[in-house]
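> What follows is coords03.pdb, PDB, C-alpha atoms, pLDDT in the B column.
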ATOM      1  CA  MET A   1       6.970   8.476   1.049  1.00 91.00           C
ATOM      2  CA  ILE A   2       8.376   6.418   3.897  1.00 96.00           C
ATOM      3  CA  ALA A   3       6.196   8.212   6.456  1.00 96.00           C
ATOM      4  CA  VAL A   4       2.924   8.347   4.525  1.00 96.00           C
ATOM      5  CA  ASN A   5       3.189   4.902   2.961  1.00 97.00           C
ATOM      6  CA  LEU A   6       5.028   2.743   5.493  1.00 98.00           C
ATOM      7  CA  THR A   7       5.032   4.402   8.916  1.00 98.00           C
ATOM      8  CA  SER A   8       1.336   5.212   8.658  1.00 98.00           C
ATOM      9  CA  THR A   9       0.492   1.590   7.933  1.00 98.00           C
ATOM     10  CA  PHE A  10       2.375   0.512  11.042  1.00 98.00           C
ATOM     11  CA  LEU A  11       0.778   3.183  13.225  1.00 98.00           C
ATOM     12  CA  VAL A  12      -2.793   2.427  12.150  1.00 98.00           C
ATOM     13  CA  ILE A  13      -2.325  -1.300  12.611  1.00 98.00           C
ATOM     14  CA  ARG A  14      -0.732  -0.839  16.029  1.00 98.00           C
ATOM     15  CA  GLU A  15      -3.654   1.249  17.234  1.00 97.00           C
ATOM     16  CA  THR A  16      -6.274  -1.061  15.727  1.00 98.00           C
ATOM     17  CA  VAL A  17      -5.024  -4.501  16.756  1.00 98.00           C
ATOM     18  CA  PRO A  18      -6.866  -4.469  20.124  1.00 97.00           C
ATOM     19  CA  ALA A  19     -10.147  -3.845  18.290  1.00 97.00           C
ATOM     20  CA  LEU A  20      -9.297  -6.425  15.623  1.00 98.00           C
ATOM     21  CA  LEU A  21      -8.853  -8.976  18.397  1.00 97.00           C
ATOM     22  CA  GLN A  22     -12.504  -8.371  19.249  1.00 96.00           C
ATOM     23  CA  GLY A  23     -13.627  -8.565  15.635  1.00 95.00           C
ATOM     24  CA  ASP A  24     -15.401 -11.273  13.694  1.00 94.00           C
ATOM     25  CA  ALA A  25     -12.877 -13.099  11.453  1.00 96.00           C
ATOM     26  CA  PRO A  26     -10.661 -10.006  11.396  1.00 98.00           C
ATOM     27  CA  ALA A  27      -8.591  -9.162   8.341  1.00 98.00           C
ATOM     28  CA  VAL A  28      -6.119  -6.428   7.474  1.00 98.00           C
ATOM     29  CA  ILE A  29      -5.409  -5.524   3.866  1.00 98.00           C
ATOM     30  CA  ASN A  30      -2.381  -3.350   3.182  1.00 98.00           C
ATOM     31  CA  PHE A  31      -1.586  -1.541  -0.055  1.00 98.00           C
ATOM     32  CA  SER A  32       1.781  -2.506  -1.466  1.00 98.00           C
ATOM     33  CA  SER A  33       2.715  -2.069  -5.135  1.00 96.00           C
ATOM     34  CA  THR A  34       4.377  -3.910  -7.973  1.00 95.00           C
ATOM     35  CA  SER A  35       7.313  -1.606  -7.240  1.00 94.00           C
ATOM     36  CA  ALA A  36       7.981  -3.730  -4.146  1.00 96.00           C
ATOM     37  CA  SER A  37       9.047  -6.695  -6.253  1.00 96.00           C
ATOM     38  CA  PHE A  38       9.838  -5.349  -9.730  1.00 94.00           C
ATOM     39  CA  ALA A  39      12.173  -2.566 -10.791  1.00 92.00           C
ATOM     40  CA  HIS A  40      10.504   0.816 -11.081  1.00 92.00           C
ATOM     41  CA  PRO A  41      13.167   3.385 -12.000  1.00 93.00           C
ATOM     42  CA  TYR A  42      12.968   6.850 -10.429  1.00 93.00           C
ATOM     43  CA  MET A  43      10.784   5.506  -7.614  1.00 93.00           C
ATOM     44  CA  ALA A  44      13.365   4.150  -5.185  1.00 95.00           C
ATOM     45  CA  ALA A  45      11.876   5.628  -2.020  1.00 96.00           C
ATOM     46  CA  CYS A  46       8.364   4.575  -2.929  1.00 95.00           C
ATOM     47  CA  ALA A  47       9.569   1.087  -3.822  1.00 96.00           C
ATOM     48  CA  ALA A  48      11.325   0.829  -0.457  1.00 97.00           C
ATOM     49  CA  SER A  49       8.175   1.870   1.382  1.00 98.00           C
ATOM     50  CA  LYS A  50       6.072  -0.668  -0.489  1.00 98.00           C
ATOM     51  CA  GLY A  51       8.619  -3.416   0.067  1.00 98.00           C
ATOM     52  CA  GLY A  52       8.488  -2.602   3.749  1.00 98.00           C
ATOM     53  CA  ILE A  53       4.725  -2.958   3.719  1.00 98.00           C
ATOM     54  CA  GLN A  54       5.012  -6.429   2.223  1.00 98.00           C
ATOM     55  CA  SER A  55       7.623  -7.493   4.766  1.00 98.00           C
ATOM     56  CA  MET A  56       5.558  -6.094   7.614  1.00 98.00           C
ATOM     57  CA  THR A  57       2.477  -7.912   6.313  1.00 98.00           C
ATOM     58  CA  HIS A  58       4.291 -11.241   6.444  1.00 98.00           C
ATOM     59  CA  ALA A  59       5.633 -10.615   9.958  1.00 98.00           C
ATOM     60  CA  LEU A  60       2.242  -9.556  11.314  1.00 98.00           C
ATOM     61  CA  ALA A  61       0.518 -12.548   9.752  1.00 98.00           C
ATOM     62  CA  ALA A  62       2.787 -14.828  11.739  1.00 98.00           C
ATOM     63  CA  GLU A  63       2.646 -12.793  14.927  1.00 98.00           C
ATOM     64  CA  TYR A  64      -1.157 -12.744  15.118  1.00 98.00           C
ATOM     65  CA  SER A  65      -1.923 -16.047  13.411  1.00 98.00           C
ATOM     66  CA  LYS A  66      -2.945 -17.767  16.636  1.00 98.00           C
ATOM     67  CA  GLN A  67      -5.403 -14.951  17.291  1.00 98.00           C
ATOM     68  CA  SER A  68      -6.762 -15.510  13.770  1.00 97.00           C
ATOM     69  CA  ILE A  69      -6.106 -12.026  12.433  1.00 98.00           C
ATOM     70  CA  ARG A  70      -5.332 -12.336   8.733  1.00 98.00           C
ATOM     71  CA  PHE A  71      -2.833  -9.914   7.180  1.00 98.00           C
ATOM     72  CA  THR A  72      -2.592  -9.635   3.407  1.00 98.00           C
ATOM     73  CA  ALA A  73      -1.382  -7.081   0.896  1.00 98.00           C
ATOM     74  CA  VAL A  74      -2.403  -6.100  -2.587  1.00 98.00           C
ATOM     75  CA  ALA A  75       0.243  -5.053  -5.089  1.00 97.00           C
ATOM     76  CA  PRO A  76      -1.375  -2.916  -7.779  1.00 95.00           C
ATOM     77  CA  GLY A  77       0.394  -1.911 -10.959  1.00 92.00           C
ATOM     78  CA  SER A  78      -0.768  -0.343 -14.219  1.00 89.00           C
ATOM     79  CA  ILE A  79      -3.798   1.080 -12.423  1.00 89.00           C
ATOM     80  CA  SER A  80      -5.100   4.483 -13.438  1.00 84.00           C
ATOM     81  CA  SER A  81      -5.797   6.529 -10.330  1.00 79.00           C
ATOM     82  CA  GLY A  82      -5.122   9.845  -8.700  1.00 71.00           C
ATOM     83  CA  LEU A  83      -1.843   8.395  -7.503  1.00 70.00           C
ATOM     84  CA  THR A  84      -0.568   7.655 -10.986  1.00 70.00           C
ATOM     85  CA  ASP A  85      -2.211   9.980 -13.466  1.00 66.00           C
ATOM     86  CA  ALA A  86      -2.882  13.230 -11.599  1.00 56.00           C
ATOM     87  CA  SER A  87      -6.629  12.708 -11.867  1.00 57.00           C
ATOM     88  CA  GLY A  88      -7.103  13.080  -8.119  1.00 51.00           C
ATOM     89  CA  THR A  89      -8.356  16.248  -6.541  1.00 49.00           C
ATOM     90  CA  SER A  90      -5.971  16.176  -3.592  1.00 44.00           C
ATOM     91  CA  ALA A  91      -2.808  18.182  -3.757  1.00 41.00           C
ATOM     92  CA  GLN A  92      -1.032  14.978  -2.829  1.00 41.00           C
ATOM     93  CA  ASN A  93      -2.289  13.344  -5.993  1.00 41.00           C
ATOM     94  CA  ALA A  94      -0.036  15.106  -8.433  1.00 45.00           C
ATOM     95  CA  GLY A  95       0.909  11.955 -10.287  1.00 50.00           C
ATOM     96  CA  PRO A  96       4.284  10.301 -10.414  1.00 58.00           C
ATOM     97  CA  GLY A  97       5.760  12.987 -12.680  1.00 69.00           C
ATOM     98  CA  LEU A  98       8.569  11.006 -14.196  1.00 81.00           C
ATOM     99  CA  PRO A  99      11.662  13.093 -14.921  1.00 85.00           C
ATOM    100  CA  GLN A 100      11.517  14.777 -18.308  1.00 85.00           C
ATOM    101  CA  ASP A 101      14.645  12.916 -19.358  1.00 90.00           C
ATOM    102  CA  ALA A 102      13.416   9.562 -18.028  1.00 90.00           C
ATOM    103  CA  ASP A 103      14.940   6.608 -19.858  1.00 91.00           C
ATOM    104  CA  PHE A 104      11.957   4.422 -20.665  1.00 87.00           C
ATOM    105  CA  SER A 105      14.222   1.607 -21.813  1.00 90.00           C
ATOM    106  CA  LEU A 106      14.906   1.022 -18.112  1.00 91.00           C
ATOM    107  CA  PHE A 107      11.331  -0.146 -17.585  1.00 85.00           C
ATOM    108  CA  ALA A 108      11.061  -3.872 -18.220  1.00 78.00           C
ATOM    109  CA  ARG A 109       7.457  -3.438 -19.329  1.00 78.00           C
ATOM    110  CA  LEU A 110       5.189  -0.442 -19.428  1.00 76.00           C
ATOM    111  CA  ALA A 111       1.877  -1.923 -20.452  1.00 85.00           C
ATOM    112  CA  PRO A 112      -0.267  -4.726 -19.066  1.00 91.00           C
ATOM    113  CA  ALA A 113      -0.594  -7.877 -21.129  1.00 93.00           C
ATOM    114  CA  LEU A 114      -4.354  -7.933 -20.659  1.00 92.00           C
ATOM    115  CA  GLY A 115      -6.869  -5.528 -22.083  1.00 81.00           C
ATOM    116  CA  HIS A 116      -6.223  -2.153 -23.622  1.00 81.00           C
ATOM    117  CA  GLY A 117      -4.080  -0.190 -21.236  1.00 86.00           C
ATOM    118  CA  PHE A 118      -4.354   0.624 -17.575  1.00 88.00           C
ATOM    119  CA  ALA A 119      -7.281  -0.647 -15.516  1.00 90.00           C
ATOM    120  CA  GLY A 120      -9.351   1.438 -13.139  1.00 89.00           C
ATOM    121  CA  PRO A 121      -9.349   1.316  -9.344  1.00 92.00           C
ATOM    122  CA  ASP A 122     -12.270  -1.117  -9.421  1.00 94.00           C
ATOM    123  CA  ALA A 123      -9.841  -3.814 -10.548  1.00 94.00           C
ATOM    124  CA  VAL A 124      -8.190  -3.502  -7.157  1.00 97.00           C
ATOM    125  CA  ALA A 125     -11.316  -2.877  -5.108  1.00 97.00           C
ATOM    126  CA  GLY A 126     -12.778  -6.273  -5.945  1.00 97.00           C
ATOM    127  CA  VAL A 127      -9.678  -8.069  -4.730  1.00 98.00           C
ATOM    128  CA  VAL A 128      -9.620  -6.037  -1.520  1.00 98.00           C
ATOM    129  CA  ALA A 129     -13.258  -6.922  -0.920  1.00 98.00           C
ATOM    130  CA  MET A 130     -12.504 -10.592  -1.459  1.00 98.00           C
ATOM    131  CA  LEU A 131      -9.549 -10.535   0.941  1.00 98.00           C
ATOM    132  CA  GLY A 132     -11.689  -8.948   3.609  1.00 98.00           C
ATOM    133  CA  SER A 133     -14.522 -11.422   3.173  1.00 98.00           C
ATOM    134  CA  ALA A 134     -15.063 -15.071   3.983  1.00 98.00           C
ATOM    135  CA  ASP A 135     -13.839 -15.887   0.470  1.00 98.00           C
ATOM    136  CA  GLY A 136     -10.366 -14.937   1.664  1.00 98.00           C
ATOM    137  CA  SER A 137     -10.582 -16.797   4.940  1.00 98.00           C
ATOM    138  CA  PHE A 138      -7.627 -19.080   4.172  1.00 98.00           C
ATOM    139  CA  ILE A 139      -5.343 -16.358   2.798  1.00 98.00           C
ATOM    140  CA  THR A 140      -2.811 -14.662   5.046  1.00 98.00           C
ATOM    141  CA  GLY A 141       0.813 -13.576   4.987  1.00 98.00           C
ATOM    142  CA  THR A 142       0.955 -12.989   1.272  1.00 98.00           C
ATOM    143  CA  GLU A 143       0.264 -10.432  -1.419  1.00 98.00           C
ATOM    144  CA  ILE A 144      -1.820 -10.490  -4.554  1.00 98.00           C
ATOM    145  CA  ARG A 145      -0.428  -8.704  -7.619  1.00 97.00           C
ATOM    146  CA  ILE A 146      -3.043  -6.873  -9.675  1.00 97.00           C
ATOM    147  CA  ASP A 147      -1.362  -5.529 -12.805  1.00 94.00           C
ATOM    148  CA  GLY A 148      -2.940  -7.199 -15.803  1.00 94.00           C
ATOM    149  CA  GLY A 149       0.213  -9.190 -16.400  1.00 94.00           C
ATOM    150  CA  THR A 150       2.551  -6.209 -16.658  1.00 92.00           C
ATOM    151  CA  HIS A 151       5.126  -8.063 -14.608  1.00 90.00           C
ATOM    152  CA  TYR A 152       4.442 -11.730 -15.213  1.00 86.00           C
TER     153      TYR A 152
ATOM    154  CA  MET B   1      -5.672  13.979  10.297  1.00 92.00           C
ATOM    155  CA  ASN B   2      -2.024  13.395   9.561  1.00 95.00           C
ATOM    156  CA  ILE B   3      -1.744   9.706   8.730  1.00 94.00           C
ATOM    157  CA  ALA B   4       1.993   9.731   9.443  1.00 94.00           C
ATOM    158  CA  ASP B   5       1.711  11.355  12.870  1.00 96.00           C
ATOM    159  CA  GLU B   6       1.498   9.061  15.884  1.00 97.00           C
ATOM    160  CA  VAL B   7      -0.806  11.277  17.963  1.00 98.00           C
ATOM    161  CA  SER B   8      -3.055  12.081  15.044  1.00 98.00           C
ATOM    162  CA  VAL B   9      -3.450   8.407  14.156  1.00 98.00           C
ATOM    163  CA  ARG B  10      -4.166   7.471  17.753  1.00 97.00           C
ATOM    164  CA  GLU B  11      -6.903  10.097  18.002  1.00 97.00           C
ATOM    165  CA  ALA B  12      -8.422   9.190  14.647  1.00 97.00           C
ATOM    166  CA  VAL B  13      -8.507   5.481  15.408  1.00 96.00           C
ATOM    167  CA  ALA B  14     -10.044   6.173  18.827  1.00 96.00           C
ATOM    168  CA  THR B  15     -12.745   8.293  17.194  1.00 96.00           C
ATOM    169  CA  ALA B  16     -13.472   5.587  14.628  1.00 95.00           C
ATOM    170  CA  LEU B  17     -13.615   2.858  17.243  1.00 95.00           C
ATOM    171  CA  ALA B  18     -15.974   4.910  19.385  1.00 95.00           C
ATOM    172  CA  ALA B  19     -18.254   5.344  16.392  1.00 94.00           C
ATOM    173  CA  LEU B  20     -18.128   1.648  15.568  1.00 91.00           C
ATOM    174  CA  GLY B  21     -18.814   0.724  19.146  1.00 89.00           C
ATOM    175  CA  GLY B  22     -16.981  -2.559  19.192  1.00 81.00           C
ATOM    176  CA  GLY B  23     -14.515  -4.749  17.397  1.00 92.00           C
ATOM    177  CA  VAL B  24     -13.118  -4.246  13.940  1.00 97.00           C
ATOM    178  CA  ASP B  25     -13.607  -6.923  11.291  1.00 97.00           C
ATOM    179  CA  VAL B  26     -11.698  -5.425   8.364  1.00 98.00           C
ATOM    180  CA  LEU B  27      -8.980  -2.785   8.196  1.00 98.00           C
ATOM    181  CA  VAL B  28      -7.733  -1.503   4.827  1.00 98.00           C
ATOM    182  CA  ASN B  29      -4.555   0.584   4.801  1.00 98.00           C
ATOM    183  CA  ALA B  30      -4.749   2.381   1.470  1.00 95.00           C
ATOM    184  CA  ALA B  31      -3.156   5.757   2.142  1.00 93.00           C
ATOM    185  CA  GLY B  32      -0.186   6.437  -0.063  1.00 92.00           C
ATOM    186  CA  ILE B  33       1.769   8.909  -2.137  1.00 90.00           C
ATOM    187  CA  LEU B  34       4.087   8.545  -5.089  1.00 87.00           C
ATOM    188  CA  ARG B  35       6.772  10.904  -6.316  1.00 85.00           C
ATOM    189  CA  SER B  36       9.276  10.127  -9.044  1.00 88.00           C
ATOM    190  CA  SER B  37      12.681  11.668  -9.550  1.00 91.00           C
ATOM    191  CA  HIS B  38      16.281  10.842 -10.202  1.00 93.00           C
ATOM    192  CA  THR B  39      17.529   9.428  -6.922  1.00 93.00           C
ATOM    193  CA  HIS B  40      20.590  11.689  -6.907  1.00 95.00           C
ATOM    194  CA  GLU B  41      18.236  14.683  -7.127  1.00 92.00           C
ATOM    195  CA  THR B  42      15.802  13.474  -4.443  1.00 91.00           C
ATOM    196  CA  SER B  43      15.838  15.335  -1.149  1.00 91.00           C
ATOM    197  CA  ARG B  44      15.781  13.544   2.164  1.00 92.00           C
ATOM    198  CA  SER B  45      12.537  15.291   3.085  1.00 91.00           C
ATOM    199  CA  SER B  46      10.858  14.103  -0.109  1.00 88.00           C
ATOM    200  CA  SER B  47      11.908  10.500   0.399  1.00 89.00           C
ATOM    201  CA  THR B  48      11.046  10.346   4.076  1.00 91.00           C
ATOM    202  CA  ARG B  49       7.811  12.336   3.918  1.00 91.00           C
TER     203      ARG B  49
END
In structure tokens, write the structure found in this file.


Amino acid sequence: MIAVNLTSTFLVIRETVPALLQGDAPAVINFSSTSASFAHPYMAACAASKGGIQSMTHALAAEYSKQSIRFTAVAPGSISSGLTDASGTSAQNAGPGLPQDADFSLFARLAPALGHGFAGPDAVAGVVAMLGSADGSFITGTEIRIDGGTHY
Amino acid sequence: MNIADEVSVREAVATALAALGGGVDVLVNAAGILRSSHTHETSRSSSTR
């Protein structure tokens, strides 16, 4: 999870920065997770990778601020997707597969406060689109949590 | 491509940039995997993959 989640984000950004410097109001949006800031039992490695993404996002925002590249992160949680519910077609999307003896009392909250259960990926896509657009032109070096209030 | 491999990423980004033919305005890094397990039962290869 460290390589696919964290190292890959670094590698892609490193290779793309020269082209971003030639872009029009360039913006980078990285995928973190609520696991970066809130306890998610049985997901320590994933949480570490997502925390690293948030830290890297902050550092890059400062480093390239004078070149006007914006770096932000989204932190989804309680989102139904191939990553979380095995609905994906990729072999990598096998779902989180919590241990059979998982202690659910260790989870502070399991359900979002809003709505009727998990949201779909479109709940995240709209925020990503905003961050990449002129509407997000004054946002950098931070993350936006999208979890329906699961972790407020 | 292998998103975690330095050479593979370099080649993929170069291909994308050639197709775009110029600067990049927006980059979204969305690749990710999630595996859950008891930490004391998690292999190094699983955690570092």

> Could you please select, counting all atoms listed in the file, the residues of chain A within 8 Å of chain B and state them as a PyMOL selection string?

chain A and resi 1-5+7-9+11-12+15-16+19-31+42-46+83-84+92-93+95-99+132

> Mind pulling up the distance from atom CA of Met1 of chain B to atom CA of Thr140 of chain A?

29.3 Å

> Using Å and a single decimal, report how far atom CA of His151 of chain A sits from atom CA of Ala113 of chain A.

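Computed distance, atom CA of Ala113 of chain A to atom CA of His151 of chain A, equals 8.7 Å.
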
> What's the separation between atom CA of Ile144 of chain A and atom CA of Pro112 of chain A, in Å to one decimal place?

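For atom CA of Ile144 of chain A relative to atom CA of Pro112 of chain A, the distance reads 15.7 Å.
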
> Using the chain letters and numbers from this file, what does the PyMOL selection byres ((chain A and resi 51-67) around 6) select? Give the answer as number ranges by chain.

A: 6, 32, 36, 48-50, 68-71, 141
